[in-house]
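**Q** Got a structure here, written out as C-alpha coordinates. Questions coming.
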Amino acid sequence: MHAERVALSLAFLASYVTYHYYAGSKPFGGQGWVRPVYFALLLSHVLLAAVIVPLALTTIYRGLTARFDRHIRIARVTLPLWLYVSITGVVIYVLLYRW
(Lines give C-alpha, C1' and ligand atoms only; values in the text may rest on other atoms or scores of the structure.)
Protein backbone atom coordinates (compact mmCIF):
# COMPACT_ATOMS: atom_id res chain seq x y z
CA MET A 1 0.00 0.00 0.00
CA HIS A 2 2.79 2.42 0.83
CA ALA A 3 4.62 1.62 -2.39
CA GLU A 4 1.57 2.74 -4.37
CA ARG A 5 1.54 6.08 -2.56
CA VAL A 6 5.21 6.61 -3.29
CA ALA A 7 4.69 5.68 -6.94
CA LEU A 8 1.74 8.04 -7.25
CA SER A 9 3.69 10.87 -5.62
CA LEU A 10 6.60 10.30 -8.00
CA ALA A 11 4.26 10.18 -10.99
CA PHE A 12 2.65 13.44 -9.91
CA LEU A 13 6.04 15.09 -9.43
CA ALA A 14 7.21 13.95 -12.86
CA SER A 15 4.02 15.17 -14.55
CA TYR A 16 4.13 18.47 -12.66
CA VAL A 17 7.75 19.19 -13.63
CA THR A 18 7.15 18.13 -17.24
CA TYR A 19 4.04 20.29 -17.54
CA HIS A 20 5.72 23.40 -16.14
CA TYR A 21 8.82 22.83 -18.25
CA TYR A 22 6.73 23.03 -21.42
CA ALA A 23 3.92 25.37 -20.34
CA GLY A 24 6.00 27.93 -18.49
CA SER A 25 4.51 30.10 -15.79
CA LYS A 26 1.48 32.32 -15.50
CA PRO A 27 1.53 35.66 -13.67
CA PHE A 28 -0.94 36.07 -10.81
CA GLY A 29 -3.65 38.52 -11.78
CA GLY A 30 -5.48 38.86 -8.47
CA GLN A 31 -5.74 42.26 -6.80
CA GLY A 32 -6.45 43.50 -3.30
CA TRP A 33 -6.19 41.37 -0.17
CA VAL A 34 -5.77 38.12 -2.09
CA ARG A 35 -2.47 39.19 -3.67
CA PRO A 36 -0.32 39.13 -0.49
CA VAL A 37 -2.14 35.97 0.65
CA TYR A 38 -1.30 34.26 -2.66
CA PHE A 39 2.37 35.22 -2.54
CA ALA A 40 2.74 34.22 1.12
CA LEU A 41 1.23 30.82 0.32
CA LEU A 42 3.38 30.49 -2.80
CA LEU A 43 6.58 31.33 -0.94
CA SER A 44 5.89 28.90 1.90
CA HIS A 45 4.79 26.23 -0.59
CA VAL A 46 7.92 26.51 -2.73
CA LEU A 47 10.31 26.54 0.22
CA LEU A 48 8.67 23.58 1.94
CA ALA A 49 8.34 21.67 -1.35
CA ALA A 50 12.13 21.86 -1.66
CA VAL A 51 12.55 20.70 1.95
CA ILE A 52 10.05 17.86 1.63
CA VAL A 53 11.99 16.01 -1.08
CA PRO A 54 14.96 14.92 1.07
CA LEU A 55 12.68 14.40 4.07
CA ALA A 56 10.35 12.14 2.09
CA LEU A 57 13.24 10.19 0.57
CA THR A 58 14.78 9.70 4.01
CA THR A 59 11.43 8.67 5.48
CA ILE A 60 10.84 6.16 2.69
CA TYR A 61 14.36 4.76 2.96
CA ARG A 62 14.09 4.27 6.71
CA GLY A 63 10.76 2.52 6.32
CA LEU A 64 12.02 0.22 3.57
CA THR A 65 15.13 -0.70 5.55
CA ALA A 66 13.03 -1.46 8.65
CA ARG A 67 14.58 1.29 10.78
CA PHE A 68 11.18 1.95 12.23
CA ASP A 69 12.27 3.90 15.32
CA ARG A 70 14.09 6.43 13.10
CA HIS A 71 11.35 6.23 10.46
CA ILE A 72 8.65 7.24 12.94
CA ARG A 73 10.70 10.16 14.26
CA ILE A 74 11.19 11.71 10.83
CA ALA A 75 7.70 10.75 9.59
CA ARG A 76 6.20 12.88 12.38
CA VAL A 77 7.81 15.89 10.69
CA THR A 78 7.49 14.75 7.09
CA LEU A 79 3.76 13.98 7.06
CA PRO A 80 2.48 17.39 8.27
CA LEU A 81 4.86 19.21 5.92
CA TRP A 82 3.84 16.98 3.01
CA LEU A 83 0.16 17.61 3.78
CA TYR A 84 0.77 21.37 3.94
CA VAL A 85 2.59 21.34 0.59
CA SER A 86 -0.17 19.21 -0.96
CA ILE A 87 -3.01 21.39 0.28
CA THR A 88 -1.32 24.72 -0.49
CA GLY A 89 -0.55 23.42 -4.00
CA VAL A 90 -4.27 22.98 -4.63
CA VAL A 91 -5.09 26.38 -3.09
CA ILE A 92 -2.41 28.08 -5.22
CA TYR A 93 -3.80 26.40 -8.34
CA VAL A 94 -7.33 27.60 -7.53
CA LEU A 95 -6.12 31.14 -6.84
CA LEU A 96 -4.03 31.24 -10.01
CA TYR A 97 -6.42 29.66 -12.50
CA ARG A 98 -9.87 30.05 -11.00
CA TRP A 99 -9.76 33.34 -9.04
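Residue numbering restarts at 1 in every chain; chains get A, B, ... in the order shown in the C-alpha coordinates, and ligands count up from 1 in that same order.
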Report as a count of residues only: the residues of segment 23-71 of chain A with a DSSP assignment of alpha helix (DSSP H), based on the backbone of this structure.

**A** 36

**Q** Do a neighbour search on Ala3 of chain A at 10 Å with only C-alpha atoms, toss out local chain neighbours closer than 4 positions, and write the hits as an mmCIF file with N, CA, C and O atoms, in the first residue's frame.

**A**
```
data_model
loop_
_atom_site.group_PDB
_atom_site.id
_atom_site.type_symbol
_atom_site.label_atom_id
_atom_site.label_comp_id
_atom_site.auth_asym_id
_atom_site.auth_seq_id
_atom_site.Cartn_x
_atom_site.Cartn_y
_atom_site.Cartn_z
ATOM 1 N N ALA A 7 4.735 5.670 -5.479
ATOM 2 C CA ALA A 7 4.693 5.676 -6.941
ATOM 3 C C ALA A 7 3.788 6.785 -7.463
ATOM 4 O O ALA A 7 4.141 7.482 -8.424
ATOM 5 N N LEU A 8 2.637 6.980 -6.835
ATOM 6 C CA LEU A 8 1.736 8.044 -7.253
ATOM 7 C C LEU A 8 2.353 9.421 -7.017
ATOM 8 O O LEU A 8 2.209 10.324 -7.851
ATOM 9 N N SER A 9 3.028 9.589 -5.898
ATOM 10 C CA SER A 9 3.693 10.868 -5.623
ATOM 11 C C SER A 9 4.783 11.150 -6.645
ATOM 12 O O SER A 9 4.922 12.277 -7.129
ATOM 13 N N ILE A 60 11.081 7.379 3.460
ATOM 14 C CA ILE A 60 10.841 6.159 2.685
ATOM 15 C C ILE A 60 11.978 5.163 2.881
ATOM 16 O O ILE A 60 11.742 3.971 3.126
ATOM 17 N N LEU A 64 11.673 1.396 4.383
ATOM 18 C CA LEU A 64 12.017 0.220 3.571
ATOM 19 C C LEU A 64 13.135 -0.614 4.180
ATOM 20 O O LEU A 64 13.198 -1.826 3.954
#
```

**Q** Counting only C-alpha atoms, what is within 12 Å of segment 21-38 of chain A, bar same-chain residues fewer than 4 positions away, as a PDB file with all heavy atoms, in the first residue's frame?

**A**
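File written: out_18.pdb
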```pdb
ATOM      1  N   ALA A  14       6.706  13.997 -11.489  1.00  0.00           N
ATOM      2  CA  ALA A  14       7.205  13.953 -12.865  1.00  0.00           C
ATOM      3  C   ALA A  14       6.268  14.694 -13.815  1.00  0.00           C
ATOM      4  O   ALA A  14       6.721  15.467 -14.670  1.00  0.00           O
ATOM      5  CB  ALA A  14       7.380  12.506 -13.312  1.00  0.00           C
ATOM      6  N   SER A  15       4.972  14.480 -13.676  1.00  0.00           N
ATOM      7  CA  SER A  15       4.020  15.169 -14.553  1.00  0.00           C
ATOM      8  C   SER A  15       3.999  16.668 -14.282  1.00  0.00           C
ATOM      9  O   SER A  15       3.894  17.474 -15.212  1.00  0.00           O
ATOM     10  CB  SER A  15       2.620  14.569 -14.408  1.00  0.00           C
ATOM     11  OG  SER A  15       2.089  14.836 -13.125  1.00  0.00           O
ATOM     12  N   TYR A  16       4.119  17.059 -13.036  1.00  0.00           N
ATOM     13  CA  TYR A  16       4.129  18.473 -12.661  1.00  0.00           C
ATOM     14  C   TYR A  16       5.342  19.183 -13.263  1.00  0.00           C
ATOM     15  O   TYR A  16       5.216  20.237 -13.882  1.00  0.00           O
ATOM     16  CB  TYR A  16       4.141  18.600 -11.135  1.00  0.00           C
ATOM     17  CG  TYR A  16       4.216  20.031 -10.647  1.00  0.00           C
ATOM     18  CD1 TYR A  16       3.068  20.796 -10.519  1.00  0.00           C
ATOM     19  CD2 TYR A  16       5.444  20.609 -10.318  1.00  0.00           C
ATOM     20  CE1 TYR A  16       3.132  22.109 -10.080  1.00  0.00           C
ATOM     21  CE2 TYR A  16       5.513  21.919  -9.880  1.00  0.00           C
ATOM     22  CZ  TYR A  16       4.353  22.666  -9.763  1.00  0.00           C
ATOM     23  OH  TYR A  16       4.429  23.961  -9.343  1.00  0.00           O
ATOM     24  N   VAL A  17       6.516  18.585 -13.100  1.00  0.00           N
ATOM     25  CA  VAL A  17       7.746  19.188 -13.625  1.00  0.00           C
ATOM     26  C   VAL A  17       7.702  19.232 -15.151  1.00  0.00           C
ATOM     27  O   VAL A  17       8.060  20.253 -15.758  1.00  0.00           O
ATOM     28  CB  VAL A  17       8.989  18.417 -13.119  1.00  0.00           C
ATOM     29  CG1 VAL A  17      10.245  18.854 -13.842  1.00  0.00           C
ATOM     30  CG2 VAL A  17       9.140  18.607 -11.614  1.00  0.00           C
ATOM     31  N   LEU A  42       2.445  30.962  -1.780  1.00  0.00           N
ATOM     32  CA  LEU A  42       3.375  30.487  -2.800  1.00  0.00           C
ATOM     33  C   LEU A  42       4.792  30.364  -2.248  1.00  0.00           C
ATOM     34  O   LEU A  42       5.465  29.353  -2.474  1.00  0.00           O
ATOM     35  CB  LEU A  42       3.359  31.426  -4.007  1.00  0.00           C
ATOM     36  CG  LEU A  42       4.260  31.039  -5.171  1.00  0.00           C
ATOM     37  CD1 LEU A  42       3.837  29.693  -5.755  1.00  0.00           C
ATOM     38  CD2 LEU A  42       4.233  32.132  -6.233  1.00  0.00           C
ATOM     39  N   LEU A  43       5.232  31.362  -1.505  1.00  0.00           N
ATOM     40  CA  LEU A  43       6.581  31.327  -0.944  1.00  0.00           C
ATOM     41  C   LEU A  43       6.739  30.150   0.023  1.00  0.00           C
ATOM     42  O   LEU A  43       7.697  29.381  -0.080  1.00  0.00           O
ATOM     43  CB  LEU A  43       6.905  32.642  -0.237  1.00  0.00           C
ATOM     44  CG  LEU A  43       8.275  32.720   0.431  1.00  0.00           C
ATOM     45  CD1 LEU A  43       9.384  32.609  -0.610  1.00  0.00           C
ATOM     46  CD2 LEU A  43       8.406  34.012   1.226  1.00  0.00           C
ATOM     47  N   SER A  44       5.789  30.000   0.940  1.00  0.00           N
ATOM     48  CA  SER A  44       5.892  28.896   1.902  1.00  0.00           C
ATOM     49  C   SER A  44       5.789  27.545   1.187  1.00  0.00           C
ATOM     50  O   SER A  44       6.484  26.595   1.535  1.00  0.00           O
ATOM     51  CB  SER A  44       4.827  29.021   2.997  1.00  0.00           C
ATOM     52  OG  SER A  44       3.529  28.857   2.462  1.00  0.00           O
ATOM     53  N   HIS A  45       4.949  27.462   0.167  1.00  0.00           N
ATOM     54  CA  HIS A  45       4.789  26.229  -0.589  1.00  0.00           C
ATOM     55  C   HIS A  45       6.086  25.843  -1.305  1.00  0.00           C
ATOM     56  O   HIS A  45       6.525  24.694  -1.227  1.00  0.00           O
ATOM     57  CB  HIS A  45       3.649  26.390  -1.608  1.00  0.00           C
ATOM     58  CG  HIS A  45       3.498  25.233  -2.529  1.00  0.00           C
ATOM     59  ND1 HIS A  45       2.848  24.080  -2.173  1.00  0.00           N
ATOM     60  CD2 HIS A  45       3.924  25.054  -3.803  1.00  0.00           C
ATOM     61  CE1 HIS A  45       2.879  23.233  -3.186  1.00  0.00           C
ATOM     62  NE2 HIS A  45       3.524  23.802  -4.190  1.00  0.00           N
ATOM     63  N   THR A  88      -1.604  23.376   0.047  1.00  0.00           N
ATOM     64  CA  THR A  88      -1.323  24.715  -0.493  1.00  0.00           C
ATOM     65  C   THR A  88      -1.131  24.669  -2.006  1.00  0.00           C
ATOM     66  O   THR A  88      -1.444  25.643  -2.697  1.00  0.00           O
ATOM     67  CB  THR A  88      -0.089  25.363   0.167  1.00  0.00           C
ATOM     68  OG1 THR A  88       1.048  24.506   0.021  1.00  0.00           O
ATOM     69  CG2 THR A  88      -0.353  25.676   1.629  1.00  0.00           C
ATOM     70  N   GLY A  89      -0.660  23.551  -2.545  1.00  0.00           N
ATOM     71  CA  GLY A  89      -0.553  23.424  -3.998  1.00  0.00           C
ATOM     72  C   GLY A  89      -1.911  23.542  -4.664  1.00  0.00           C
ATOM     73  O   GLY A  89      -2.061  24.228  -5.680  1.00  0.00           O
ATOM     74  N   VAL A  90      -2.910  22.900  -4.096  1.00  0.00           N
ATOM     75  CA  VAL A  90      -4.272  22.982  -4.634  1.00  0.00           C
ATOM     76  C   VAL A  90      -4.817  24.400  -4.482  1.00  0.00           C
ATOM     77  O   VAL A  90      -5.421  24.959  -5.409  1.00  0.00           O
ATOM     78  CB  VAL A  90      -5.200  21.957  -3.950  1.00  0.00           C
ATOM     79  CG1 VAL A  90      -6.640  22.150  -4.379  1.00  0.00           C
ATOM     80  CG2 VAL A  90      -4.720  20.543  -4.239  1.00  0.00           C
ATOM     81  N   VAL A  91      -4.607  25.014  -3.320  1.00  0.00           N
ATOM     82  CA  VAL A  91      -5.088  26.382  -3.085  1.00  0.00           C
ATOM     83  C   VAL A  91      -4.428  27.355  -4.065  1.00  0.00           C
ATOM     84  O   VAL A  91      -5.094  28.225  -4.641  1.00  0.00           O
ATOM     85  CB  VAL A  91      -4.841  26.811  -1.619  1.00  0.00           C
ATOM     86  CG1 VAL A  91      -5.141  28.283  -1.404  1.00  0.00           C
ATOM     87  CG2 VAL A  91      -5.667  25.947  -0.674  1.00  0.00           C
ATOM     88  N   ILE A  92      -3.133  27.214  -4.280  1.00  0.00           N
ATOM     89  CA  ILE A  92      -2.414  28.078  -5.220  1.00  0.00           C
ATOM     90  C   ILE A  92      -2.964  27.893  -6.633  1.00  0.00           C
ATOM     91  O   ILE A  92      -3.179  28.869  -7.358  1.00  0.00           O
ATOM     92  CB  ILE A  92      -0.897  27.790  -5.168  1.00  0.00           C
ATOM     93  CG1 ILE A  92      -0.334  28.316  -3.847  1.00  0.00           C
ATOM     94  CG2 ILE A  92      -0.170  28.396  -6.360  1.00  0.00           C
ATOM     95  CD1 ILE A  92       1.040  27.798  -3.516  1.00  0.00           C
ATOM     96  N   TYR A  93      -3.220  26.655  -7.032  1.00  0.00           N
ATOM     97  CA  TYR A  93      -3.805  26.396  -8.343  1.00  0.00           C
ATOM     98  C   TYR A  93      -5.151  27.112  -8.483  1.00  0.00           C
ATOM     99  O   TYR A  93      -5.420  27.762  -9.493  1.00  0.00           O
ATOM    100  CB  TYR A  93      -3.973  24.895  -8.566  1.00  0.00           C
ATOM    101  CG  TYR A  93      -4.715  24.582  -9.848  1.00  0.00           C
ATOM    102  CD1 TYR A  93      -4.032  24.528 -11.053  1.00  0.00           C
ATOM    103  CD2 TYR A  93      -6.089  24.376  -9.842  1.00  0.00           C
ATOM    104  CE1 TYR A  93      -4.711  24.264 -12.245  1.00  0.00           C
ATOM    105  CE2 TYR A  93      -6.776  24.117 -11.018  1.00  0.00           C
ATOM    106  CZ  TYR A  93      -6.082  24.071 -12.215  1.00  0.00           C
ATOM    107  OH  TYR A  93      -6.768  23.832 -13.386  1.00  0.00           O
ATOM    108  N   VAL A  94      -6.002  26.967  -7.481  1.00  0.00           N
ATOM    109  CA  VAL A  94      -7.328  27.598  -7.529  1.00  0.00           C
ATOM    110  C   VAL A  94      -7.189  29.112  -7.613  1.00  0.00           C
ATOM    111  O   VAL A  94      -7.866  29.766  -8.419  1.00  0.00           O
ATOM    112  CB  VAL A  94      -8.175  27.171  -6.307  1.00  0.00           C
ATOM    113  CG1 VAL A  94      -9.432  28.025  -6.173  1.00  0.00           C
ATOM    114  CG2 VAL A  94      -8.535  25.696  -6.393  1.00  0.00           C
ATOM    115  N   LEU A  95      -6.308  29.684  -6.809  1.00  0.00           N
ATOM    116  CA  LEU A  95      -6.124  31.137  -6.842  1.00  0.00           C
ATOM    117  C   LEU A  95      -5.563  31.605  -8.186  1.00  0.00           C
ATOM    118  O   LEU A  95      -5.950  32.661  -8.698  1.00  0.00           O
ATOM    119  CB  LEU A  95      -5.217  31.587  -5.710  1.00  0.00           C
ATOM    120  CG  LEU A  95      -5.778  31.490  -4.300  1.00  0.00           C
ATOM    121  CD1 LEU A  95      -4.715  31.835  -3.259  1.00  0.00           C
ATOM    122  CD2 LEU A  95      -6.986  32.400  -4.144  1.00  0.00           C
ATOM    123  N   LEU A  96      -4.680  30.839  -8.763  1.00  0.00           N
ATOM    124  CA  LEU A  96      -4.028  31.243 -10.007  1.00  0.00           C
ATOM    125  C   LEU A  96      -4.917  31.063 -11.229  1.00  0.00           C
ATOM    126  O   LEU A  96      -4.977  31.930 -12.100  1.00  0.00           O
ATOM    127  CB  LEU A  96      -2.738  30.451 -10.202  1.00  0.00           C
ATOM    128  CG  LEU A  96      -1.836  30.838 -11.365  1.00  0.00           C
ATOM    129  CD1 LEU A  96      -1.401  32.304 -11.253  1.00  0.00           C
ATOM    130  CD2 LEU A  96      -0.622  29.933 -11.396  1.00  0.00           C
ATOM    131  N   TYR A  97      -5.644  29.960 -11.292  1.00  0.00           N
ATOM    132  CA  TYR A  97      -6.416  29.655 -12.505  1.00  0.00           C
ATOM    133  C   TYR A  97      -7.919  29.848 -12.376  1.00  0.00           C
ATOM    134  O   TYR A  97      -8.623  29.871 -13.384  1.00  0.00           O
ATOM    135  CB  TYR A  97      -6.136  28.222 -12.954  1.00  0.00           C
ATOM    136  CG  TYR A  97      -4.717  28.046 -13.462  1.00  0.00           C
ATOM    137  CD1 TYR A  97      -3.732  27.525 -12.643  1.00  0.00           C
ATOM    138  CD2 TYR A  97      -4.392  28.442 -14.748  1.00  0.00           C
ATOM    139  CE1 TYR A  97      -2.439  27.374 -13.116  1.00  0.00           C
ATOM    140  CE2 TYR A  97      -3.093  28.304 -15.226  1.00  0.00           C
ATOM    141  CZ  TYR A  97      -2.126  27.762 -14.396  1.00  0.00           C
ATOM    142  OH  TYR A  97      -0.847  27.617 -14.852  1.00  0.00           O
ATOM    143  N   ARG A  98      -8.422  29.954 -11.178  1.00  0.00           N
ATOM    144  CA  ARG A  98      -9.875  30.055 -10.999  1.00  0.00           C
ATOM    145  C   ARG A  98     -10.320  31.345 -10.309  1.00  0.00           C
ATOM    146  O   ARG A  98     -11.505  31.594 -10.182  1.00  0.00           O
ATOM    147  CB  ARG A  98     -10.416  28.863 -10.199  1.00  0.00           C
ATOM    148  CG  ARG A  98     -10.052  27.515 -10.750  1.00  0.00           C
ATOM    149  CD  ARG A  98     -10.817  27.254 -12.006  1.00  0.00           C
ATOM    150  NE  ARG A  98     -10.534  25.895 -12.452  1.00  0.00           N
ATOM    151  CZ  ARG A  98     -10.421  25.575 -13.729  1.00  0.00           C
ATOM    152  NH1 ARG A  98     -10.550  26.472 -14.660  1.00  0.00           N
ATOM    153  NH2 ARG A  98     -10.164  24.336 -14.072  1.00  0.00           N
ATOM    154  N   TRP A  99      -9.404  32.128  -9.802  1.00  0.00           N
ATOM    155  CA  TRP A  99      -9.760  33.335  -9.045  1.00  0.00           C
ATOM    156  C   TRP A  99     -10.170  34.435  -9.980  1.00  0.00           C
ATOM    157  O   TRP A  99      -9.672  34.765 -10.961  1.00  0.00           O
ATOM    158  CB  TRP A  99      -8.597  33.751  -8.156  1.00  0.00           C
ATOM    159  CG  TRP A  99      -8.980  34.826  -7.199  1.00  0.00           C
ATOM    160  CD1 TRP A  99      -8.755  36.141  -7.344  1.00  0.00           C
ATOM    161  CD2 TRP A  99      -9.665  34.673  -5.950  1.00  0.00           C
ATOM    162  NE1 TRP A  99      -9.241  36.825  -6.268  1.00  0.00           N
ATOM    163  CE2 TRP A  99      -9.803  35.959  -5.387  1.00  0.00           C
ATOM    164  CE3 TRP A  99     -10.163  33.584  -5.256  1.00  0.00           C
ATOM    165  CZ2 TRP A  99     -10.431  36.180  -4.174  1.00  0.00           C
ATOM    166  CZ3 TRP A  99     -10.773  33.806  -4.049  1.00  0.00           C
ATOM    167  CH2 TRP A  99     -10.904  35.086  -3.524  1.00  0.00           C
TER     168      TRP A  99
END
```

**Q** If you count only C-alpha atoms, which residues fall within 9 Å of segment 46-49 of chain A, apart from same-chain ones fewer than 3 positions away, as a PDB file with all heavy atoms, in the first residue's frame?

**A**
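The result, written out as selection.pdb:
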```
ATOM      1  N   LEU A  41       1.438  32.254   0.507  1.00  0.00           N
ATOM      2  CA  LEU A  41       1.228  30.817   0.318  1.00  0.00           C
ATOM      3  C   LEU A  41       2.226  30.246  -0.682  1.00  0.00           C
ATOM      4  O   LEU A  41       2.789  29.174  -0.461  1.00  0.00           O
ATOM      5  CB  LEU A  41      -0.191  30.544  -0.178  1.00  0.00           C
ATOM      6  CG  LEU A  41      -1.300  30.555   0.850  1.00  0.00           C
ATOM      7  CD1 LEU A  41      -2.653  30.400   0.173  1.00  0.00           C
ATOM      8  CD2 LEU A  41      -1.094  29.452   1.868  1.00  0.00           C
ATOM      9  N   LEU A  42       2.445  30.962  -1.780  1.00  0.00           N
ATOM     10  CA  LEU A  42       3.375  30.487  -2.800  1.00  0.00           C
ATOM     11  C   LEU A  42       4.792  30.364  -2.248  1.00  0.00           C
ATOM     12  O   LEU A  42       5.465  29.353  -2.474  1.00  0.00           O
ATOM     13  CB  LEU A  42       3.359  31.426  -4.007  1.00  0.00           C
ATOM     14  CG  LEU A  42       4.260  31.039  -5.171  1.00  0.00           C
ATOM     15  CD1 LEU A  42       3.837  29.693  -5.755  1.00  0.00           C
ATOM     16  CD2 LEU A  42       4.233  32.132  -6.233  1.00  0.00           C
ATOM     17  N   LEU A  43       5.232  31.362  -1.505  1.00  0.00           N
ATOM     18  CA  LEU A  43       6.581  31.327  -0.944  1.00  0.00           C
ATOM     19  C   LEU A  43       6.739  30.150   0.023  1.00  0.00           C
ATOM     20  O   LEU A  43       7.697  29.381  -0.080  1.00  0.00           O
ATOM     21  CB  LEU A  43       6.905  32.642  -0.237  1.00  0.00           C
ATOM     22  CG  LEU A  43       8.275  32.720   0.431  1.00  0.00           C
ATOM     23  CD1 LEU A  43       9.384  32.609  -0.610  1.00  0.00           C
ATOM     24  CD2 LEU A  43       8.406  34.012   1.226  1.00  0.00           C
ATOM     25  N   ILE A  52      10.748  19.133   1.487  1.00  0.00           N
ATOM     26  CA  ILE A  52      10.053  17.860   1.630  1.00  0.00           C
ATOM     27  C   ILE A  52      10.712  16.736   0.831  1.00  0.00           C
ATOM     28  O   ILE A  52      10.621  15.560   1.220  1.00  0.00           O
ATOM     29  CB  ILE A  52       8.550  17.994   1.266  1.00  0.00           C
ATOM     30  CG1 ILE A  52       7.729  16.876   1.908  1.00  0.00           C
ATOM     31  CG2 ILE A  52       8.324  18.002  -0.215  1.00  0.00           C
ATOM     32  CD1 ILE A  52       7.634  16.932   3.372  1.00  0.00           C
ATOM     33  N   VAL A  53      11.392  17.069  -0.247  1.00  0.00           N
ATOM     34  CA  VAL A  53      11.988  16.013  -1.084  1.00  0.00           C
ATOM     35  C   VAL A  53      13.002  15.174  -0.298  1.00  0.00           C
ATOM     36  O   VAL A  53      12.851  13.952  -0.213  1.00  0.00           O
ATOM     37  CB  VAL A  53      12.599  16.596  -2.376  1.00  0.00           C
ATOM     38  CG1 VAL A  53      13.374  15.541  -3.142  1.00  0.00           C
ATOM     39  CG2 VAL A  53      11.507  17.204  -3.247  1.00  0.00           C
ATOM     40  N   LEU A  81       4.306  18.335   6.956  1.00  0.00           N
ATOM     41  CA  LEU A  81       4.862  19.208   5.916  1.00  0.00           C
ATOM     42  C   LEU A  81       4.365  18.790   4.536  1.00  0.00           C
ATOM     43  O   LEU A  81       4.008  19.640   3.707  1.00  0.00           O
ATOM     44  CB  LEU A  81       6.389  19.198   5.952  1.00  0.00           C
ATOM     45  CG  LEU A  81       7.035  19.869   7.156  1.00  0.00           C
ATOM     46  CD1 LEU A  81       8.553  19.763   7.075  1.00  0.00           C
ATOM     47  CD2 LEU A  81       6.617  21.317   7.268  1.00  0.00           C
ATOM     48  N   TRP A  82       4.327  17.474   4.284  1.00  0.00           N
ATOM     49  CA  TRP A  82       3.838  16.978   3.008  1.00  0.00           C
ATOM     50  C   TRP A  82       2.366  17.344   2.819  1.00  0.00           C
ATOM     51  O   TRP A  82       1.957  17.755   1.721  1.00  0.00           O
ATOM     52  CB  TRP A  82       4.028  15.466   2.941  1.00  0.00           C
ATOM     53  CG  TRP A  82       3.541  14.875   1.668  1.00  0.00           C
ATOM     54  CD1 TRP A  82       4.182  14.837   0.461  1.00  0.00           C
ATOM     55  CD2 TRP A  82       2.276  14.236   1.473  1.00  0.00           C
ATOM     56  NE1 TRP A  82       3.390  14.210  -0.461  1.00  0.00           N
ATOM     57  CE2 TRP A  82       2.216  13.828   0.122  1.00  0.00           C
ATOM     58  CE3 TRP A  82       1.191  13.967   2.306  1.00  0.00           C
ATOM     59  CZ2 TRP A  82       1.115  13.174  -0.398  1.00  0.00           C
ATOM     60  CZ3 TRP A  82       0.097  13.316   1.781  1.00  0.00           C
ATOM     61  CH2 TRP A  82       0.073  12.927   0.445  1.00  0.00           C
ATOM     62  N   TYR A  84       0.815  19.931   4.172  1.00  0.00           N
ATOM     63  CA  TYR A  84       0.771  21.370   3.937  1.00  0.00           C
ATOM     64  C   TYR A  84       1.115  21.692   2.487  1.00  0.00           C
ATOM     65  O   TYR A  84       0.421  22.475   1.831  1.00  0.00           O
ATOM     66  CB  TYR A  84       1.722  22.106   4.889  1.00  0.00           C
ATOM     67  CG  TYR A  84       1.730  23.602   4.653  1.00  0.00           C
ATOM     68  CD1 TYR A  84       0.755  24.409   5.214  1.00  0.00           C
ATOM     69  CD2 TYR A  84       2.699  24.188   3.837  1.00  0.00           C
ATOM     70  CE1 TYR A  84       0.742  25.773   4.986  1.00  0.00           C
ATOM     71  CE2 TYR A  84       2.694  25.553   3.605  1.00  0.00           C
ATOM     72  CZ  TYR A  84       1.721  26.338   4.180  1.00  0.00           C
ATOM     73  OH  TYR A  84       1.708  27.689   3.935  1.00  0.00           O
ATOM     74  N   VAL A  85       2.181  21.093   1.978  1.00  0.00           N
ATOM     75  CA  VAL A  85       2.592  21.337   0.593  1.00  0.00           C
ATOM     76  C   VAL A  85       1.497  20.872  -0.367  1.00  0.00           C
ATOM     77  O   VAL A  85       1.194  21.556  -1.350  1.00  0.00           O
ATOM     78  CB  VAL A  85       3.952  20.658   0.299  1.00  0.00           C
ATOM     79  CG1 VAL A  85       4.262  20.666  -1.189  1.00  0.00           C
ATOM     80  CG2 VAL A  85       5.067  21.347   1.072  1.00  0.00           C
ATOM     81  N   SER A  86       0.901  19.730  -0.096  1.00  0.00           N
ATOM     82  CA  SER A  86      -0.166  19.210  -0.957  1.00  0.00           C
ATOM     83  C   SER A  86      -1.376  20.133  -0.975  1.00  0.00           C
ATOM     84  O   SER A  86      -1.905  20.465  -2.038  1.00  0.00           O
ATOM     85  CB  SER A  86      -0.590  17.815  -0.491  1.00  0.00           C
ATOM     86  OG  SER A  86       0.486  16.930  -0.554  1.00  0.00           O
TER      87      SER A  86
END
```

**Q** Can you work out the spacing between atom CA of His20 of chain A and atom CA of Thr59 of chain A in Å, to one decimal?

**A**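 Taking atom CA of His20 of chain A and atom CA of Thr59 of chain A, their separation equals 26.8 Å.
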
**Q** Using only C-alpha atoms for the distances, tell me which of A:Leu13, A:Ile87, A:Ala50, A:Ala75 is nearest to Arg62 of chain A.

**A** A:Ala75

**Q** Tell me, as a ChimeraX atom specification, which residues lie within 12 Å of Arg73 of chain A, counting only C-alpha atoms; anything in the same chain fewer than 2 positions away does not count.

**A** /A:55,58-59,62-63,67-71,75-79
